[in-house]
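To keep things clear, I will list the structure first and then write my remarks on it.
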Amino acid sequence: MKRQILLVATILFMALGAFAQNKAKYVFYFIGDGMGVNHVNLTETYLAALEGRIGFSPLCFGDFPFTGFINTYSAENGVTDSAAAGTALSTGCKTKNGTLGLLPDLATPVTSIAKWAQEAGAAVGVTTTVTVDHATPGAFYAHVGSRGEGFKIGTQLIETGYDFFAGSDFSQAKNPTEGAPDLYVMAKDAGYTIAKGYKNYQKLAKKADKMILFQSDAANKIDHGSLPYAIDQTKEDLNLADITRAAIHFLTKKQSEKDGFFLMVEGGKIDYAGHANDAVACIHETIDMDNAVKVAYEFYQQHPDETLIVVTADHETGGVVLGSGSYNLHFDRLRYAKMSIAKLGSELHKLHEKLGDKYSYETVKQFLSDNFGFWSKIELDEGQNKRLERAFNNIMEGKGKDSQSLYQKDNELADTVKRILSEVSRLHWGHGSHSNGYAPVYAIGVGAETLSGRMDNIDLPKRIAKIAGWPNLNE
């Protein structure tokens, strides 16, 4: 009998030991802001079209073995915003639209999985392609009734003591109290080293205890609110793969004093492109996030028994539909676009300033041919031709009507180009806002099998924390 009891105890001990060994020590949490199921499908269908075939060419995360989908509604709205969705994905709690880290009463704070990881001894990183105090990254540390309280959110970022942050910049670095230190000074006083660009990070990382990585000052002068769209980036620009690579390097460097790490990586401008209905920018932003996932996947291949990678989205943006009545898709026609619609407007403005009175519709036609394939690669019908010329004339006569989306304003000509690109590729946008469409989930690694099937968005952080063995501090 004693021998049987000992045998059972030994088996139980071994089972518990195996379970403990299979906890995720390294957790990657990728969030494609606005990346609905069809954004992924669009990108993968486009990649197949580049290969000259009908079908799909999977992204790295599209080939992950476990998939699911989540509902995204918020506490009081059928359609969520990024603040409420980010709070759900980070804390496991629903809240009101516009709110970060508070319950719907706007008084009760709830902590995020990043905090749970920190309390369990893990190193923590929170990164994005937009400002570090934007809605999604802010949901992992802030407690405010309004996502627009940039300076307050920034001070709460500094107070977390998290090991690594990255993004374009702070949205509101200046202290509203006259003579008081700004967020850059406060961050340095709290022990953070601020790097500007990837090369500067490499120079400063070795001696840094805690790190905030921003884009270069040159890039910030152009737009401090976000990194450039992936399709518009140069080799000098910080990108999401660089950020992910730097985060892994820095968080791994902390291993002598930390137990594993948690890293949130947001592809923030998929949402921007969705609001603007810019199909080309949307595709390239999704590919950009996938390139960052590839960096994490390389780490996973080195630590397959200790790593979990989760890729999801906070909501869908734009109501994108793959098809506009015809059974044929022509996403290959989007390959000729060399820039985002946002950049198109600014480039045409520069061209006008450069040429002055010599700026003509023929000049614009040549520019669109060279940079979007119109006429040279893509045949336009009579109506589309007339709309382009009318838009040009309206602008030249001071009658042009700008198109305003949440994050950008496009002049009438750029807006017309954008709409024609969707038409010729057979793509349709339902609107310029969020929808209640399902958000996808892709997972690989330790415990990934528990993240498949249908879930609510609040289920995801709870299940990830359980896989990692981190306590849910909201229970």
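If you're wondering about the labels, chains in the structure tokens are A, B, ... by order shown, residues count from 1 in each chain, ligands from 1 in order shown.
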Would you give me, as a tab-separated table, each residue of region 222-292 of chain A having an atom within 12 Å of an atom of region 113-124 of chain A, along with its shortest atom pair and that distance in Å to one decimal, using only C-alpha atoms and sorting by chain and residue number?
```
residue	atom	partner	partner_atom	distance
A:Ala247	CA	A:Val124	CA	9.2
A:Ile248	CA	A:Val124	CA	10.2
A:His249	CA	A:Ala123	CA	11.7
A:Phe250	CA	A:Ala123	CA	9.3
A:Leu251	CA	A:Ala123	CA	6.0
A:Thr252	CA	A:Ala123	CA	8.3
A:Lys253	CA	A:Ala123	CA	9.6
A:Lys254	CA	A:Ala123	CA	6.8
A:Gln255	CA	A:Ala123	CA	7.8
A:Ser256	CA	A:Ala123	CA	10.5
A:Glu257	CA	A:Gly121	CA	8.5
A:Lys258	CA	A:Ala122	CA	5.2
A:Asp259	CA	A:Ala122	CA	4.6
A:Gly260	CA	A:Ala122	CA	5.0
A:Phe261	CA	A:Ala123	CA	4.4
A:Phe262	CA	A:Val124	CA	4.9
A:Leu263	CA	A:Val124	CA	5.9
A:Met264	CA	A:Ala114	CA	8.2
A:Val265	CA	A:Val124	CA	11.3
```
Residues as selected, all heavy atoms, written as a short mmCIF file (atom, residue, chain, number, x, y, z; two decimals), in the first residue's frame, can you do that?
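Output saved as part_1.cif:
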```cif
data_model
loop_
_atom_site.label_atom_id
_atom_site.label_comp_id
_atom_site.auth_asym_id
_atom_site.auth_seq_id
_atom_site.Cartn_x
_atom_site.Cartn_y
_atom_site.Cartn_z
N ALA A 247 13.32 45.58 -28.03
CA ALA A 247 12.61 45.17 -26.81
C ALA A 247 13.09 43.80 -26.34
O ALA A 247 13.34 43.60 -25.14
CB ALA A 247 11.11 45.16 -27.07
N ILE A 248 13.19 42.86 -27.25
CA ILE A 248 13.67 41.52 -26.88
C ILE A 248 15.08 41.61 -26.31
O ILE A 248 15.39 41.00 -25.27
CB ILE A 248 13.64 40.57 -28.09
CG1 ILE A 248 12.19 40.30 -28.52
CG2 ILE A 248 14.35 39.26 -27.77
CD1 ILE A 248 12.07 39.53 -29.82
N HIS A 249 15.93 42.37 -26.97
CA HIS A 249 17.31 42.52 -26.52
C HIS A 249 17.35 43.11 -25.11
O HIS A 249 18.06 42.62 -24.22
CB HIS A 249 18.07 43.43 -27.48
CG HIS A 249 19.44 43.81 -27.00
ND1 HIS A 249 19.69 45.02 -26.40
CD2 HIS A 249 20.63 43.15 -27.03
CE1 HIS A 249 20.97 45.10 -26.06
NE2 HIS A 249 21.57 43.97 -26.44
N PHE A 250 16.57 44.16 -24.89
CA PHE A 250 16.61 44.84 -23.60
C PHE A 250 15.99 43.99 -22.49
O PHE A 250 16.53 43.89 -21.39
CB PHE A 250 15.91 46.19 -23.68
CG PHE A 250 16.24 47.09 -22.53
CD1 PHE A 250 17.42 47.82 -22.52
CD2 PHE A 250 15.39 47.18 -21.44
CE1 PHE A 250 17.74 48.63 -21.45
CE2 PHE A 250 15.70 48.00 -20.36
CZ PHE A 250 16.88 48.73 -20.36
N LEU A 251 14.83 43.39 -22.77
CA LEU A 251 14.16 42.58 -21.74
C LEU A 251 14.96 41.33 -21.41
O LEU A 251 14.99 40.88 -20.26
CB LEU A 251 12.75 42.22 -22.21
CG LEU A 251 11.80 43.41 -22.43
CD1 LEU A 251 10.44 42.91 -22.92
CD2 LEU A 251 11.64 44.23 -21.15
N THR A 252 15.63 40.76 -22.40
CA THR A 252 16.49 39.60 -22.16
C THR A 252 17.69 40.00 -21.32
O THR A 252 18.15 39.24 -20.47
CB THR A 252 16.96 38.99 -23.50
OG1 THR A 252 15.81 38.66 -24.29
CG2 THR A 252 17.77 37.73 -23.27
N LYS A 253 18.16 41.23 -21.53
CA LYS A 253 19.28 41.76 -20.76
C LYS A 253 18.95 41.84 -19.26
O LYS A 253 19.83 41.75 -18.41
CB LYS A 253 19.64 43.15 -21.28
CG LYS A 253 20.84 43.80 -20.62
CD LYS A 253 21.22 45.07 -21.36
CE LYS A 253 20.34 46.24 -20.94
NZ LYS A 253 20.77 46.83 -19.66
N LYS A 254 17.66 41.93 -18.95
CA LYS A 254 17.22 42.06 -17.56
C LYS A 254 17.08 40.71 -16.86
O LYS A 254 16.69 40.65 -15.70
CB LYS A 254 15.87 42.77 -17.52
CG LYS A 254 15.81 44.13 -18.21
CD LYS A 254 16.58 45.18 -17.45
CE LYS A 254 15.89 45.56 -16.16
NZ LYS A 254 16.58 46.68 -15.47
N GLN A 255 17.41 39.61 -17.58
CA GLN A 255 17.14 38.28 -17.04
C GLN A 255 17.92 37.96 -15.76
O GLN A 255 17.51 37.10 -14.99
CB GLN A 255 17.40 37.22 -18.10
CG GLN A 255 16.37 37.21 -19.21
CD GLN A 255 14.95 37.08 -18.69
OE1 GLN A 255 14.55 36.03 -18.20
NE2 GLN A 255 14.18 38.15 -18.76
N SER A 256 19.03 38.63 -15.52
CA SER A 256 19.77 38.35 -14.29
C SER A 256 18.99 38.75 -13.06
O SER A 256 19.20 38.22 -11.98
CB SER A 256 21.12 39.10 -14.30
OG SER A 256 20.90 40.50 -14.38
N GLU A 257 18.03 39.67 -13.23
CA GLU A 257 17.23 40.13 -12.10
C GLU A 257 15.74 39.89 -12.28
O GLU A 257 14.95 40.14 -11.37
CB GLU A 257 17.47 41.63 -11.88
CG GLU A 257 17.20 42.47 -13.10
CD GLU A 257 17.63 43.91 -12.95
OE1 GLU A 257 16.81 44.72 -12.46
OE2 GLU A 257 18.77 44.23 -13.32
N LYS A 258 15.33 39.41 -13.44
CA LYS A 258 13.91 39.21 -13.73
C LYS A 258 13.65 37.75 -14.11
O LYS A 258 14.56 37.00 -14.48
CB LYS A 258 13.47 40.10 -14.90
CG LYS A 258 13.72 41.59 -14.68
CD LYS A 258 12.70 42.22 -13.78
CE LYS A 258 12.89 43.73 -13.70
NZ LYS A 258 11.84 44.41 -12.94
N ASP A 259 12.38 37.35 -14.02
CA ASP A 259 11.97 36.00 -14.38
C ASP A 259 11.11 36.04 -15.63
O ASP A 259 9.90 36.17 -15.57
CB ASP A 259 11.20 35.37 -13.21
CG ASP A 259 10.81 33.92 -13.49
OD1 ASP A 259 11.42 33.30 -14.39
OD2 ASP A 259 9.91 33.41 -12.80
N GLY A 260 11.76 35.96 -16.79
CA GLY A 260 11.04 36.01 -18.05
C GLY A 260 10.61 37.42 -18.40
O GLY A 260 11.04 38.40 -17.78
N PHE A 261 9.73 37.53 -19.42
CA PHE A 261 9.23 38.86 -19.76
C PHE A 261 7.86 38.80 -20.40
O PHE A 261 7.41 37.77 -20.90
CB PHE A 261 10.21 39.62 -20.67
CG PHE A 261 10.47 39.02 -22.03
CD1 PHE A 261 9.51 39.01 -23.03
CD2 PHE A 261 11.73 38.50 -22.34
CE1 PHE A 261 9.77 38.48 -24.29
CE2 PHE A 261 12.01 37.98 -23.60
CZ PHE A 261 11.02 37.97 -24.57
N PHE A 262 7.20 39.96 -20.36
CA PHE A 262 5.94 40.19 -21.07
C PHE A 262 6.17 41.37 -22.01
O PHE A 262 6.65 42.42 -21.58
CB PHE A 262 4.80 40.53 -20.10
CG PHE A 262 3.56 41.04 -20.80
CD1 PHE A 262 2.65 40.17 -21.37
CD2 PHE A 262 3.31 42.41 -20.90
CE1 PHE A 262 1.52 40.64 -22.03
CE2 PHE A 262 2.19 42.90 -21.55
CZ PHE A 262 1.28 42.01 -22.11
N LEU A 263 5.82 41.21 -23.29
CA LEU A 263 6.01 42.27 -24.26
C LEU A 263 4.74 42.46 -25.08
O LEU A 263 4.28 41.55 -25.76
CB LEU A 263 7.18 41.95 -25.20
CG LEU A 263 7.42 42.94 -26.35
CD1 LEU A 263 7.69 44.34 -25.83
CD2 LEU A 263 8.56 42.45 -27.24
N MET A 264 4.16 43.67 -25.00
CA MET A 264 3.04 44.04 -25.85
C MET A 264 3.56 44.86 -27.02
O MET A 264 4.31 45.82 -26.83
CB MET A 264 2.01 44.87 -25.06
CG MET A 264 0.66 45.06 -25.79
SD MET A 264 0.64 46.22 -27.19
CE MET A 264 0.81 47.80 -26.33
N VAL A 265 3.16 44.49 -28.23
CA VAL A 265 3.58 45.18 -29.45
C VAL A 265 2.34 45.57 -30.23
O VAL A 265 1.58 44.70 -30.64
CB VAL A 265 4.50 44.29 -30.31
CG1 VAL A 265 4.96 45.05 -31.55
CG2 VAL A 265 5.69 43.77 -29.51
#
```
- Pull the helix (DSSP H, G or I) assignments for region 306-365 of chain A out of DSSP run on the backbone, and list those residues as a count of residues only. 29
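For the choices A:Glu266, A:Tyr438, A:Leu240, A:Phe56, the atom-to-atom distance to Asn41 (chain A) is smallest for A:Phe56 when using only C-alpha atoms.
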- Message: For Gly32 (chain A), find every residue with an atom within 7 Å (counting only C-alpha atoms), except residues of its own chain fewer than 3 positions away, and show them as a ChimeraX atom specification.
- Response: /A:35,266-268,270,312-313
Take the residues that were just selected and, keeping C-alpha atoms, output them as a PDB file, in the first residue's frame.
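New file result-v3.pdb:
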```
ATOM      1  CA  MET A  35      -7.047  44.710 -37.809  1.00  0.00           C
ATOM      2  CA  GLU A 266       0.962  47.325 -31.185  1.00  0.00           C
ATOM      3  CA  GLY A 267       0.664  47.856 -34.919  1.00  0.00           C
ATOM      4  CA  GLY A 268      -1.119  51.139 -34.326  1.00  0.00           C
ATOM      5  CA  ILE A 270      -3.433  49.663 -39.327  1.00  0.00           C
ATOM      6  CA  THR A 312      -4.932  39.676 -32.080  1.00  0.00           C
ATOM      7  CA  ALA A 313      -6.743  42.970 -32.665  1.00  0.00           C
TER       8      ALA A 313
END
```
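Distances from A:Asn291, A:Asn200, A:Asn411, A:Thr363 to Thr244 (chain A) were compared using only C-alpha atoms, and the smallest one belongs to A:Asn291.
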Write out as JSON lines the residues of region 327-441 of chain A that have any atom within 7 Å of an atom of region 73-80 of chain A, one row each with the nearest atom pair and its distance in Å to one decimal, counting only C-alpha atoms, sorted by chain and then rising number.
```
{"residue": "A:His434", "atom": "CA", "partner": "A:Val79", "partner_atom": "CA", "distance": 6.7}
{"residue": "A:Ser435", "atom": "CA", "partner": "A:Val79", "partner_atom": "CA", "distance": 5.6}
{"residue": "A:Asn436", "atom": "CA", "partner": "A:Val79", "partner_atom": "CA", "distance": 5.1}
```
Enumerate as a PDB file with C-alpha atoms, in the first residue's frame all residues of region 79-264 of chain A assigned to strand (DSSP E or B) by DSSP on the backbone, naming them with the chain letters and numbers the document uses.
```pdb
ATOM      1  CA  LEU A 100      -8.421  53.406 -19.744  1.00  0.00           C
ATOM      2  CA  LEU A 102     -11.087  51.999 -14.914  1.00  0.00           C
ATOM      3  CA  PRO A 109      -9.047  51.076 -11.135  1.00  0.00           C
ATOM      4  CA  ALA A 123      10.415  42.182 -17.120  1.00  0.00           C
ATOM      5  CA  VAL A 124       7.807  44.248 -18.968  1.00  0.00           C
ATOM      6  CA  GLY A 125       7.770  46.060 -22.296  1.00  0.00           C
ATOM      7  CA  VAL A 126       4.976  48.103 -23.914  1.00  0.00           C
ATOM      8  CA  THR A 127       5.513  49.246 -27.511  1.00  0.00           C
ATOM      9  CA  THR A 128       3.641  50.773 -30.442  1.00  0.00           C
ATOM     10  CA  VAL A 130       2.072  55.591 -32.427  1.00  0.00           C
ATOM     11  CA  VAL A 144      -7.994  57.685 -16.587  1.00  0.00           C
ATOM     12  CA  PHE A 164      10.930  49.156 -21.766  1.00  0.00           C
ATOM     13  CA  PHE A 165       8.661  51.469 -23.733  1.00  0.00           C
ATOM     14  CA  ALA A 166       8.773  52.368 -27.416  1.00  0.00           C
ATOM     15  CA  TYR A 192      14.701  55.991 -17.797  1.00  0.00           C
ATOM     16  CA  THR A 193      17.205  56.402 -20.614  1.00  0.00           C
ATOM     17  CA  ILE A 194      15.586  57.960 -23.688  1.00  0.00           C
ATOM     18  CA  ALA A 195      16.937  56.825 -27.061  1.00  0.00           C
ATOM     19  CA  LYS A 196      16.087  58.462 -30.392  1.00  0.00           C
ATOM     20  CA  LYS A 210      15.129  51.268 -18.009  1.00  0.00           C
ATOM     21  CA  MET A 211      14.565  52.408 -21.570  1.00  0.00           C
ATOM     22  CA  ILE A 212      12.183  54.538 -23.641  1.00  0.00           C
ATOM     23  CA  LEU A 213      12.808  54.298 -27.388  1.00  0.00           C
ATOM     24  CA  PHE A 214      11.436  57.066 -29.607  1.00  0.00           C
ATOM     25  CA  SER A 226       3.296  58.245 -35.108  1.00  0.00           C
ATOM     26  CA  PHE A 261       9.234  38.862 -19.763  1.00  0.00           C
ATOM     27  CA  PHE A 262       5.940  40.192 -21.072  1.00  0.00           C
ATOM     28  CA  LEU A 263       6.006  42.273 -24.264  1.00  0.00           C
ATOM     29  CA  MET A 264       3.038  44.043 -25.852  1.00  0.00           C
TER      30      MET A 264
END
```
- Item | Exercise: Cys93 (chain A) partners within 6 Å, only C-alpha atoms, chain neighbours under 2 positions left out, as an MDAnalysis selection string | chainID A and resid 88 91 458
- Can you tell me, as an MDAnalysis selection string, what residues are no more than 9 Å from Leu334 (chain A) when counting only C-alpha atoms, ignoring any on the same chain fewer than 5 positions away? chainID A and resid 46 279:280 372:373 421:422 424:425
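Nearest residue to Gly86 (chain A) among A:Gly430, A:Gly34, A:Gly179, A:Gly398 is A:Gly34, counting only C-alpha atoms.
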- Could you state the separation of CA of Gly469 (chain A) and CA of Asp63 (chain A) in Å, given to one decimal place? 26.2 Å
- Task: Extract, using only C-alpha atoms, all DNA, RNA and protein residues at most 12 Å from Glu298 (chain A), discarding same-chain residues fewer than 5 positions from it, and format them as a ChimeraX atom specification.
- Result: /A:60,241,244-245,248,291-293,303-304,307,309
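Omitting region 148-150 of chain A and its sequence neighbours fewer than 3 positions away, and counting only C-alpha atoms, the residues within 9 Å are Gly98, Asp133, His134, Ala135, Val144, Gly145, Ile153, Gly154, Thr155, Phe170, Ser171, Gln172 and Ala173 of chain A.
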Could you write out the selected residues, including N, CA, C and O atoms, as a short mmCIF file (atom, residue, chain, number, x, y, z; two decimals), in the first residue's frame?
```
data_model
loop_
_atom_site.label_atom_id
_atom_site.label_comp_id
_atom_site.auth_asym_id
_atom_site.auth_seq_id
_atom_site.Cartn_x
_atom_site.Cartn_y
_atom_site.Cartn_z
N GLY A 98 -13.58 55.25 -24.47
CA GLY A 98 -12.79 56.41 -24.08
C GLY A 98 -12.06 56.26 -22.76
O GLY A 98 -11.27 57.14 -22.39
N ASP A 133 1.60 56.98 -25.21
CA ASP A 133 0.45 57.22 -24.34
C ASP A 133 -0.86 57.14 -25.11
O ASP A 133 -1.89 57.62 -24.65
N HIS A 134 -0.83 56.54 -26.30
CA HIS A 134 -2.05 56.34 -27.09
C HIS A 134 -2.92 55.29 -26.39
O HIS A 134 -2.51 54.67 -25.42
N ALA A 135 -4.13 55.08 -26.92
CA ALA A 135 -5.12 54.26 -26.23
C ALA A 135 -4.65 52.84 -25.93
O ALA A 135 -4.75 52.37 -24.80
N VAL A 144 -7.41 56.37 -16.34
CA VAL A 144 -7.99 57.69 -16.59
C VAL A 144 -9.38 57.54 -17.20
O VAL A 144 -9.66 56.58 -17.91
N GLY A 145 -10.22 58.54 -16.94
CA GLY A 145 -11.56 58.51 -17.49
C GLY A 145 -11.61 58.90 -18.95
O GLY A 145 -12.57 58.59 -19.64
N ILE A 153 -1.56 60.55 -18.57
CA ILE A 153 -1.22 59.18 -18.97
C ILE A 153 0.29 59.02 -19.02
O ILE A 153 0.84 58.00 -18.57
N GLY A 154 0.99 60.02 -19.54
CA GLY A 154 2.45 59.98 -19.59
C GLY A 154 3.09 59.90 -18.22
O GLY A 154 4.06 59.16 -18.02
N THR A 155 2.55 60.62 -17.25
CA THR A 155 3.10 60.55 -15.89
C THR A 155 2.87 59.16 -15.29
O THR A 155 3.73 58.63 -14.59
N PHE A 170 5.93 61.05 -26.76
CA PHE A 170 4.78 61.38 -25.92
C PHE A 170 3.85 62.26 -26.75
O PHE A 170 4.31 63.04 -27.59
N SER A 171 2.56 62.19 -26.51
CA SER A 171 1.64 63.07 -27.24
C SER A 171 1.63 64.47 -26.64
O SER A 171 1.52 65.46 -27.36
N GLN A 172 1.76 64.57 -25.33
CA GLN A 172 1.73 65.86 -24.64
C GLN A 172 2.82 65.88 -23.58
O GLN A 172 2.56 65.68 -22.39
N ALA A 173 4.05 66.11 -24.00
CA ALA A 173 5.17 66.04 -23.08
C ALA A 173 5.25 67.25 -22.14
O ALA A 173 5.75 67.15 -21.03
#
```
